[in-house]
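To be precise, the following lines are run-v9.txt, and they hold compact mmCIF, N, CA and C atoms.
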# COMPACT_ATOMS: atom_id res chain seq x y z
N MET A 1 -18.37 -19.98 40.35
CA MET A 1 -18.89 -19.86 39.02
C MET A 1 -20.38 -20.18 39.05
N GLY A 2 -21.22 -19.23 38.62
CA GLY A 2 -22.66 -19.43 38.65
C GLY A 2 -23.14 -20.15 37.41
N SER A 3 -24.38 -20.58 37.51
CA SER A 3 -24.96 -21.26 36.34
C SER A 3 -25.40 -20.23 35.31
N VAL A 4 -25.39 -20.63 34.09
CA VAL A 4 -25.77 -19.76 32.99
C VAL A 4 -27.26 -19.92 32.74
N THR A 5 -27.97 -18.80 32.68
CA THR A 5 -29.41 -18.87 32.48
C THR A 5 -29.76 -18.93 31.00
N ARG A 6 -30.96 -19.33 30.75
CA ARG A 6 -31.46 -19.41 29.36
C ARG A 6 -31.48 -18.02 28.72
N ALA A 7 -31.87 -17.01 29.50
CA ALA A 7 -31.93 -15.64 28.97
C ALA A 7 -30.54 -15.15 28.58
N ALA A 8 -29.53 -15.48 29.38
CA ALA A 8 -28.17 -15.06 29.04
C ALA A 8 -27.69 -15.73 27.76
N LEU A 9 -28.01 -17.00 27.59
CA LEU A 9 -27.63 -17.69 26.36
C LEU A 9 -28.37 -17.12 25.15
N ASP A 10 -29.64 -16.77 25.34
CA ASP A 10 -30.41 -16.17 24.24
C ASP A 10 -29.84 -14.81 23.85
N ARG A 11 -29.41 -14.02 24.84
CA ARG A 11 -28.79 -12.72 24.53
C ARG A 11 -27.49 -12.91 23.76
N LYS A 12 -26.68 -13.87 24.19
CA LYS A 12 -25.42 -14.12 23.48
C LYS A 12 -25.66 -14.60 22.06
N LEU A 13 -26.66 -15.44 21.88
CA LEU A 13 -26.99 -15.92 20.54
C LEU A 13 -27.48 -14.79 19.66
N ALA A 14 -28.29 -13.89 20.21
CA ALA A 14 -28.78 -12.75 19.44
C ALA A 14 -27.63 -11.83 19.03
N VAL A 15 -26.69 -11.61 19.92
CA VAL A 15 -25.53 -10.78 19.60
C VAL A 15 -24.69 -11.44 18.52
N ALA A 16 -24.50 -12.75 18.63
CA ALA A 16 -23.70 -13.47 17.63
C ALA A 16 -24.37 -13.42 16.26
N LYS A 17 -25.68 -13.57 16.22
CA LYS A 17 -26.39 -13.50 14.94
C LYS A 17 -26.28 -12.11 14.33
N ARG A 18 -26.41 -11.08 15.18
CA ARG A 18 -26.31 -9.71 14.67
C ARG A 18 -24.91 -9.44 14.13
N CYS A 19 -23.89 -9.92 14.85
CA CYS A 19 -22.50 -9.72 14.40
C CYS A 19 -22.26 -10.41 13.06
N SER A 20 -22.75 -11.63 12.91
CA SER A 20 -22.53 -12.34 11.66
C SER A 20 -23.31 -11.71 10.52
N HIS A 21 -24.50 -11.19 10.81
CA HIS A 21 -25.28 -10.52 9.76
C HIS A 21 -24.59 -9.23 9.32
N GLU A 22 -24.07 -8.46 10.29
CA GLU A 22 -23.33 -7.24 9.94
C GLU A 22 -22.11 -7.58 9.07
N GLY A 23 -21.42 -8.65 9.41
CA GLY A 23 -20.26 -9.06 8.63
C GLY A 23 -20.63 -9.47 7.23
N ALA A 24 -21.74 -10.21 7.10
CA ALA A 24 -22.18 -10.65 5.77
C ALA A 24 -22.59 -9.46 4.91
N MET A 25 -23.28 -8.51 5.49
CA MET A 25 -23.71 -7.34 4.72
C MET A 25 -22.50 -6.49 4.31
N ALA A 26 -21.57 -6.27 5.22
CA ALA A 26 -20.38 -5.50 4.87
C ALA A 26 -19.56 -6.22 3.81
N GLY A 27 -19.46 -7.54 3.92
CA GLY A 27 -18.74 -8.32 2.92
C GLY A 27 -19.38 -8.26 1.55
N ALA A 28 -20.72 -8.31 1.53
CA ALA A 28 -21.43 -8.23 0.25
C ALA A 28 -21.22 -6.87 -0.42
N LYS A 29 -21.26 -5.82 0.38
CA LYS A 29 -21.02 -4.48 -0.18
C LYS A 29 -19.60 -4.38 -0.74
N ALA A 30 -18.64 -4.92 0.00
CA ALA A 30 -17.25 -4.88 -0.47
C ALA A 30 -17.07 -5.72 -1.74
N ALA A 31 -17.79 -6.84 -1.83
CA ALA A 31 -17.69 -7.69 -3.02
C ALA A 31 -18.22 -6.97 -4.25
N VAL A 32 -19.30 -6.23 -4.09
CA VAL A 32 -19.85 -5.47 -5.22
C VAL A 32 -18.85 -4.42 -5.69
N VAL A 33 -18.27 -3.69 -4.74
CA VAL A 33 -17.29 -2.66 -5.10
C VAL A 33 -16.07 -3.29 -5.76
N ALA A 34 -15.60 -4.41 -5.22
CA ALA A 34 -14.43 -5.07 -5.79
C ALA A 34 -14.73 -5.64 -7.18
N SER A 35 -15.94 -6.11 -7.39
CA SER A 35 -16.31 -6.62 -8.72
C SER A 35 -16.23 -5.52 -9.76
N VAL A 36 -16.78 -4.39 -9.43
CA VAL A 36 -16.74 -3.27 -10.38
C VAL A 36 -15.30 -2.80 -10.57
N ALA A 37 -14.56 -2.71 -9.46
CA ALA A 37 -13.18 -2.24 -9.54
C ALA A 37 -12.29 -3.20 -10.33
N ALA A 38 -12.60 -4.48 -10.30
CA ALA A 38 -11.82 -5.45 -11.07
C ALA A 38 -12.32 -5.58 -12.50
N ALA A 39 -13.62 -5.43 -12.69
CA ALA A 39 -14.20 -5.63 -14.02
C ALA A 39 -13.79 -4.54 -15.00
N ILE A 40 -13.76 -3.31 -14.55
CA ILE A 40 -13.46 -2.20 -15.47
C ILE A 40 -12.08 -2.34 -16.10
N PRO A 41 -11.00 -2.50 -15.32
CA PRO A 41 -9.69 -2.63 -15.99
C PRO A 41 -9.52 -3.96 -16.73
N THR A 42 -10.17 -5.02 -16.24
CA THR A 42 -10.04 -6.31 -16.93
C THR A 42 -10.68 -6.24 -18.31
N LEU A 43 -11.91 -5.75 -18.36
CA LEU A 43 -12.60 -5.68 -19.64
C LEU A 43 -11.97 -4.64 -20.57
N ALA A 44 -11.48 -3.54 -19.99
CA ALA A 44 -10.82 -2.53 -20.82
C ALA A 44 -9.52 -3.06 -21.41
N SER A 45 -8.77 -3.81 -20.61
CA SER A 45 -7.50 -4.32 -21.13
C SER A 45 -7.71 -5.36 -22.23
N VAL A 46 -8.77 -6.14 -22.12
CA VAL A 46 -9.05 -7.14 -23.16
C VAL A 46 -9.39 -6.45 -24.48
N ARG A 47 -10.01 -5.30 -24.40
CA ARG A 47 -10.34 -4.58 -25.63
C ARG A 47 -9.15 -3.82 -26.20
N MET A 48 -8.23 -3.35 -25.35
CA MET A 48 -7.18 -2.45 -25.82
C MET A 48 -5.81 -3.09 -26.01
N LEU A 49 -5.50 -4.10 -25.22
CA LEU A 49 -4.15 -4.69 -25.29
C LEU A 49 -4.17 -5.98 -26.11
N PRO A 50 -3.32 -6.08 -27.11
CA PRO A 50 -3.30 -7.29 -27.93
C PRO A 50 -2.97 -8.56 -27.14
N TRP A 51 -2.05 -8.45 -26.18
CA TRP A 51 -1.72 -9.63 -25.38
C TRP A 51 -2.93 -10.12 -24.60
N ALA A 52 -3.64 -9.20 -23.96
CA ALA A 52 -4.81 -9.59 -23.17
C ALA A 52 -5.91 -10.15 -24.08
N ARG A 53 -6.06 -9.58 -25.24
CA ARG A 53 -7.10 -10.06 -26.16
C ARG A 53 -6.83 -11.50 -26.58
N SER A 54 -5.58 -11.82 -26.78
CA SER A 54 -5.27 -13.18 -27.25
C SER A 54 -5.16 -14.19 -26.11
N ASN A 55 -4.88 -13.77 -24.90
CA ASN A 55 -4.64 -14.71 -23.80
C ASN A 55 -5.72 -14.78 -22.73
N LEU A 56 -6.58 -13.80 -22.65
CA LEU A 56 -7.61 -13.81 -21.61
C LEU A 56 -8.98 -14.10 -22.23
N ASN A 57 -9.34 -15.37 -22.22
CA ASN A 57 -10.66 -15.73 -22.73
C ASN A 57 -11.72 -15.34 -21.70
N PRO A 58 -13.00 -15.45 -22.02
CA PRO A 58 -14.05 -15.05 -21.07
C PRO A 58 -13.99 -15.76 -19.71
N THR A 59 -13.54 -17.01 -19.71
CA THR A 59 -13.41 -17.72 -18.44
C THR A 59 -12.33 -17.08 -17.57
N ALA A 60 -11.22 -16.72 -18.15
CA ALA A 60 -10.15 -16.06 -17.39
C ALA A 60 -10.61 -14.71 -16.87
N GLN A 61 -11.34 -13.98 -17.67
CA GLN A 61 -11.86 -12.69 -17.23
C GLN A 61 -12.80 -12.85 -16.04
N ALA A 62 -13.68 -13.83 -16.14
CA ALA A 62 -14.61 -14.08 -15.03
C ALA A 62 -13.87 -14.53 -13.78
N LEU A 63 -12.83 -15.31 -13.95
CA LEU A 63 -12.04 -15.77 -12.81
C LEU A 63 -11.34 -14.61 -12.11
N ILE A 64 -10.79 -13.70 -12.88
CA ILE A 64 -10.13 -12.52 -12.30
C ILE A 64 -11.13 -11.71 -11.48
N ILE A 65 -12.29 -11.45 -12.05
CA ILE A 65 -13.29 -10.62 -11.38
C ILE A 65 -13.84 -11.32 -10.14
N SER A 66 -14.17 -12.60 -10.27
CA SER A 66 -14.77 -13.30 -9.13
C SER A 66 -13.77 -13.54 -8.01
N THR A 67 -12.50 -13.69 -8.34
CA THR A 67 -11.48 -13.85 -7.30
C THR A 67 -11.36 -12.57 -6.47
N ALA A 68 -11.37 -11.44 -7.13
CA ALA A 68 -11.31 -10.17 -6.41
C ALA A 68 -12.53 -9.99 -5.53
N ALA A 69 -13.70 -10.34 -6.05
CA ALA A 69 -14.93 -10.19 -5.27
C ALA A 69 -14.94 -11.13 -4.07
N GLY A 70 -14.54 -12.37 -4.28
CA GLY A 70 -14.52 -13.34 -3.18
C GLY A 70 -13.54 -12.95 -2.10
N ALA A 71 -12.37 -12.51 -2.50
CA ALA A 71 -11.37 -12.09 -1.51
C ALA A 71 -11.87 -10.90 -0.71
N ALA A 72 -12.46 -9.94 -1.38
CA ALA A 72 -12.98 -8.76 -0.68
C ALA A 72 -14.07 -9.15 0.30
N TYR A 73 -14.96 -10.05 -0.12
CA TYR A 73 -16.05 -10.48 0.76
C TYR A 73 -15.49 -11.09 2.05
N PHE A 74 -14.61 -12.06 1.92
CA PHE A 74 -14.14 -12.76 3.10
C PHE A 74 -13.26 -11.89 3.99
N ILE A 75 -12.46 -11.03 3.41
CA ILE A 75 -11.61 -10.15 4.22
C ILE A 75 -12.47 -9.17 5.02
N VAL A 76 -13.40 -8.51 4.35
CA VAL A 76 -14.22 -7.51 5.03
C VAL A 76 -15.17 -8.16 6.02
N ALA A 77 -15.78 -9.28 5.65
CA ALA A 77 -16.68 -9.96 6.59
C ALA A 77 -15.93 -10.40 7.84
N ASP A 78 -14.75 -10.95 7.67
CA ASP A 78 -13.96 -11.40 8.82
C ASP A 78 -13.59 -10.22 9.71
N LYS A 79 -13.12 -9.14 9.12
CA LYS A 79 -12.74 -7.98 9.92
C LYS A 79 -13.94 -7.39 10.64
N THR A 80 -15.10 -7.37 10.00
CA THR A 80 -16.29 -6.81 10.62
C THR A 80 -16.75 -7.67 11.79
N VAL A 81 -16.77 -8.97 11.61
CA VAL A 81 -17.19 -9.86 12.69
C VAL A 81 -16.22 -9.77 13.86
N LEU A 82 -14.93 -9.75 13.59
CA LEU A 82 -13.95 -9.64 14.67
C LEU A 82 -14.04 -8.31 15.41
N ALA A 83 -14.24 -7.23 14.67
CA ALA A 83 -14.39 -5.92 15.32
C ALA A 83 -15.64 -5.87 16.19
N SER A 84 -16.71 -6.44 15.69
CA SER A 84 -17.95 -6.46 16.46
C SER A 84 -17.81 -7.33 17.71
N ALA A 85 -17.16 -8.47 17.57
CA ALA A 85 -16.95 -9.33 18.73
C ALA A 85 -16.05 -8.66 19.75
N ARG A 86 -15.03 -7.96 19.28
CA ARG A 86 -14.14 -7.26 20.20
C ARG A 86 -14.89 -6.16 20.94
N LYS A 87 -15.73 -5.43 20.20
CA LYS A 87 -16.50 -4.36 20.82
C LYS A 87 -17.44 -4.92 21.88
N ASN A 88 -18.11 -6.01 21.57
CA ASN A 88 -19.03 -6.62 22.54
C ASN A 88 -18.28 -7.22 23.71
N SER A 89 -17.10 -7.74 23.47
CA SER A 89 -16.30 -8.31 24.55
C SER A 89 -15.88 -7.22 25.54
N PHE A 90 -15.42 -6.08 25.01
CA PHE A 90 -15.02 -4.99 25.89
C PHE A 90 -16.23 -4.43 26.62
N LYS A 91 -17.36 -4.33 25.94
CA LYS A 91 -18.57 -3.81 26.57
C LYS A 91 -18.98 -4.70 27.73
N ASN A 92 -18.93 -6.01 27.55
CA ASN A 92 -19.31 -6.93 28.61
C ASN A 92 -18.32 -6.89 29.76
N SER A 93 -17.03 -6.71 29.49
CA SER A 93 -16.05 -6.71 30.56
C SER A 93 -16.15 -5.45 31.40
N TYR A 94 -16.51 -4.32 30.78
CA TYR A 94 -16.64 -3.07 31.54
C TYR A 94 -17.90 -3.05 32.38
N GLN A 95 -18.93 -3.78 31.96
CA GLN A 95 -20.16 -3.83 32.72
C GLN A 95 -20.09 -4.84 33.85
N GLY A 96 -19.02 -5.60 33.90
CA GLY A 96 -18.89 -6.61 34.93
C GLY A 96 -19.75 -7.81 34.66
N ASN A 97 -20.10 -8.05 33.42
CA ASN A 97 -20.96 -9.16 33.03
C ASN A 97 -20.12 -10.43 32.96
N THR A 98 -20.53 -11.45 33.72
CA THR A 98 -19.74 -12.68 33.75
C THR A 98 -20.47 -13.85 33.14
N ASP A 99 -21.61 -13.63 32.48
CA ASP A 99 -22.33 -14.79 31.93
C ASP A 99 -21.88 -15.14 30.56
So that I can check it, write out the structure of this file as structure tokens.
Amino acid sequence: MGSVTRAALDRKLAVAKRCSHEGAMAGAKAAVVASVAAAIPTLASVRMLPWARSNLNPTAQALIISTAAGAAYFIVADKTVLASARKNSFKNSYQGNTD
């Protein structure tokens, strides 16, 4: 087992930062889409359905929308980071890179 060089550690750190940034950006995009997708039926139902009008106050509406956005963010970000890590792992193994 050879020693790990500073350049190899810097390359790994750069790849890790890029993977996490890609995950954060993909998660943010998914959160925006999920917010809109959750907001439209939530707000429409509060206006049209008597049950929703009487039981869903503005706090409940915000909770519904933000829960959908948060879940979408974390699910997509996690999947993106894992896919990127898997891709880089396979790339390194095929190149015979052992650092």
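Residues in contact with Val81 in chain A at up to 7 Å, not including ones fewer than 3 positions away on its chain and judged by only N, CA and C atoms, are Cys19, Ser20, Glu22, Gly23, Ala24, Val76, Ala77, Asp78, Ser84, Ala85 and Arg86 of chain A.
Note that CA of Ala26 in chain A and CA of Ala71 in chain A are 12.9 Å apart.
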(message) Using only N, CA and C atoms, which protein or nucleic acid residues come within 7 Å of Ala68 in chain A? Drop anything in the same chain fewer than 6 positions from it, and give the result as a PyMOL selection string.
(response) chain A and resi 31+34-35+38
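Across the structure, CA of Phe74 in chain A and CA of Gly27 in chain A are spaced 6.4 Å apart.
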Give me the box for range 37-54 of chain A as lines of an AutoDock Vina configuration file, namely the centre and edge lengths in Å to one decimal of a box along x, y and z that holds every listed atom plus 6 Å on each side.
center_x = -8.1
center_y = -8.2
center_z = -18.7
size_x = 24.8
size_y = 24.0
size_z = 30.5
(request) Determine, counting only C-alpha atoms, which protein, DNA and RNA residues have an atom within 10 Å of an atom of range 42-46 of chain A; residues of the same chain fewer than 6 positions away are not included. Present the result as an NGL selection string. (result) :A and (36 or 52-58 or 60-62 or 64-65)
Selected residues written out with N, CA and C atoms, as a PDB file, in the coordinates of the input:
ATOM      1  N   VAL A  36     -16.780  -4.390  -9.430  1.00  0.00           N
ATOM      2  CA  VAL A  36     -16.740  -3.270 -10.380  1.00  0.00           C
ATOM      3  C   VAL A  36     -15.300  -2.800 -10.570  1.00  0.00           C
ATOM      4  N   ALA A  52      -3.640  -9.200 -23.960  1.00  0.00           N
ATOM      5  CA  ALA A  52      -4.810  -9.590 -23.170  1.00  0.00           C
ATOM      6  C   ALA A  52      -5.910 -10.150 -24.080  1.00  0.00           C
ATOM      7  N   ARG A  53      -6.060  -9.580 -25.240  1.00  0.00           N
ATOM      8  CA  ARG A  53      -7.100 -10.060 -26.160  1.00  0.00           C
ATOM      9  C   ARG A  53      -6.830 -11.500 -26.580  1.00  0.00           C
ATOM     10  N   SER A  54      -5.580 -11.820 -26.780  1.00  0.00           N
ATOM     11  CA  SER A  54      -5.270 -13.180 -27.250  1.00  0.00           C
ATOM     12  C   SER A  54      -5.160 -14.190 -26.110  1.00  0.00           C
ATOM     13  N   ASN A  55      -4.880 -13.770 -24.900  1.00  0.00           N
ATOM     14  CA  ASN A  55      -4.640 -14.710 -23.800  1.00  0.00           C
ATOM     15  C   ASN A  55      -5.720 -14.780 -22.730  1.00  0.00           C
ATOM     16  N   LEU A  56      -6.580 -13.800 -22.650  1.00  0.00           N
ATOM     17  CA  LEU A  56      -7.610 -13.810 -21.610  1.00  0.00           C
ATOM     18  C   LEU A  56      -8.980 -14.100 -22.230  1.00  0.00           C
ATOM     19  N   ASN A  57      -9.340 -15.370 -22.220  1.00  0.00           N
ATOM     20  CA  ASN A  57     -10.660 -15.730 -22.730  1.00  0.00           C
ATOM     21  C   ASN A  57     -11.720 -15.340 -21.700  1.00  0.00           C
ATOM     22  N   PRO A  58     -13.000 -15.450 -22.020  1.00  0.00           N
ATOM     23  CA  PRO A  58     -14.050 -15.050 -21.070  1.00  0.00           C
ATOM     24  C   PRO A  58     -13.990 -15.760 -19.710  1.00  0.00           C
ATOM     25  N   ALA A  60     -11.220 -16.720 -18.150  1.00  0.00           N
ATOM     26  CA  ALA A  60     -10.150 -16.060 -17.390  1.00  0.00           C
ATOM     27  C   ALA A  60     -10.610 -14.710 -16.870  1.00  0.00           C
ATOM     28  N   GLN A  61     -11.340 -13.980 -17.670  1.00  0.00           N
ATOM     29  CA  GLN A  61     -11.860 -12.690 -17.230  1.00  0.00           C
ATOM     30  C   GLN A  61     -12.800 -12.850 -16.040  1.00  0.00           C
ATOM     31  N   ALA A  62     -13.680 -13.830 -16.140  1.00  0.00           N
ATOM     32  CA  ALA A  62     -14.610 -14.080 -15.030  1.00  0.00           C
ATOM     33  C   ALA A  62     -13.870 -14.530 -13.780  1.00  0.00           C
ATOM     34  N   ILE A  64     -10.790 -13.700 -12.880  1.00  0.00           N
ATOM     35  CA  ILE A  64     -10.130 -12.520 -12.300  1.00  0.00           C
ATOM     36  C   ILE A  64     -11.130 -11.710 -11.480  1.00  0.00           C
ATOM     37  N   ILE A  65     -12.290 -11.450 -12.050  1.00  0.00           N
ATOM     38  CA  ILE A  65     -13.290 -10.620 -11.380  1.00  0.00           C
ATOM     39  C   ILE A  65     -13.840 -11.320 -10.140  1.00  0.00           C
TER      40      ILE A  65
END
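As for atom C of Val33 in chain A and CA of Ala69 in chain A, they are spaced 7.0 Å apart.
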(message) For a quick check of understanding, using all atoms listed in the file, which of A:Ala14, A:Ala83, A:Ala72, A:Leu49 has the smallest distance to Ala30 in chain A?
(response) A:Ala72
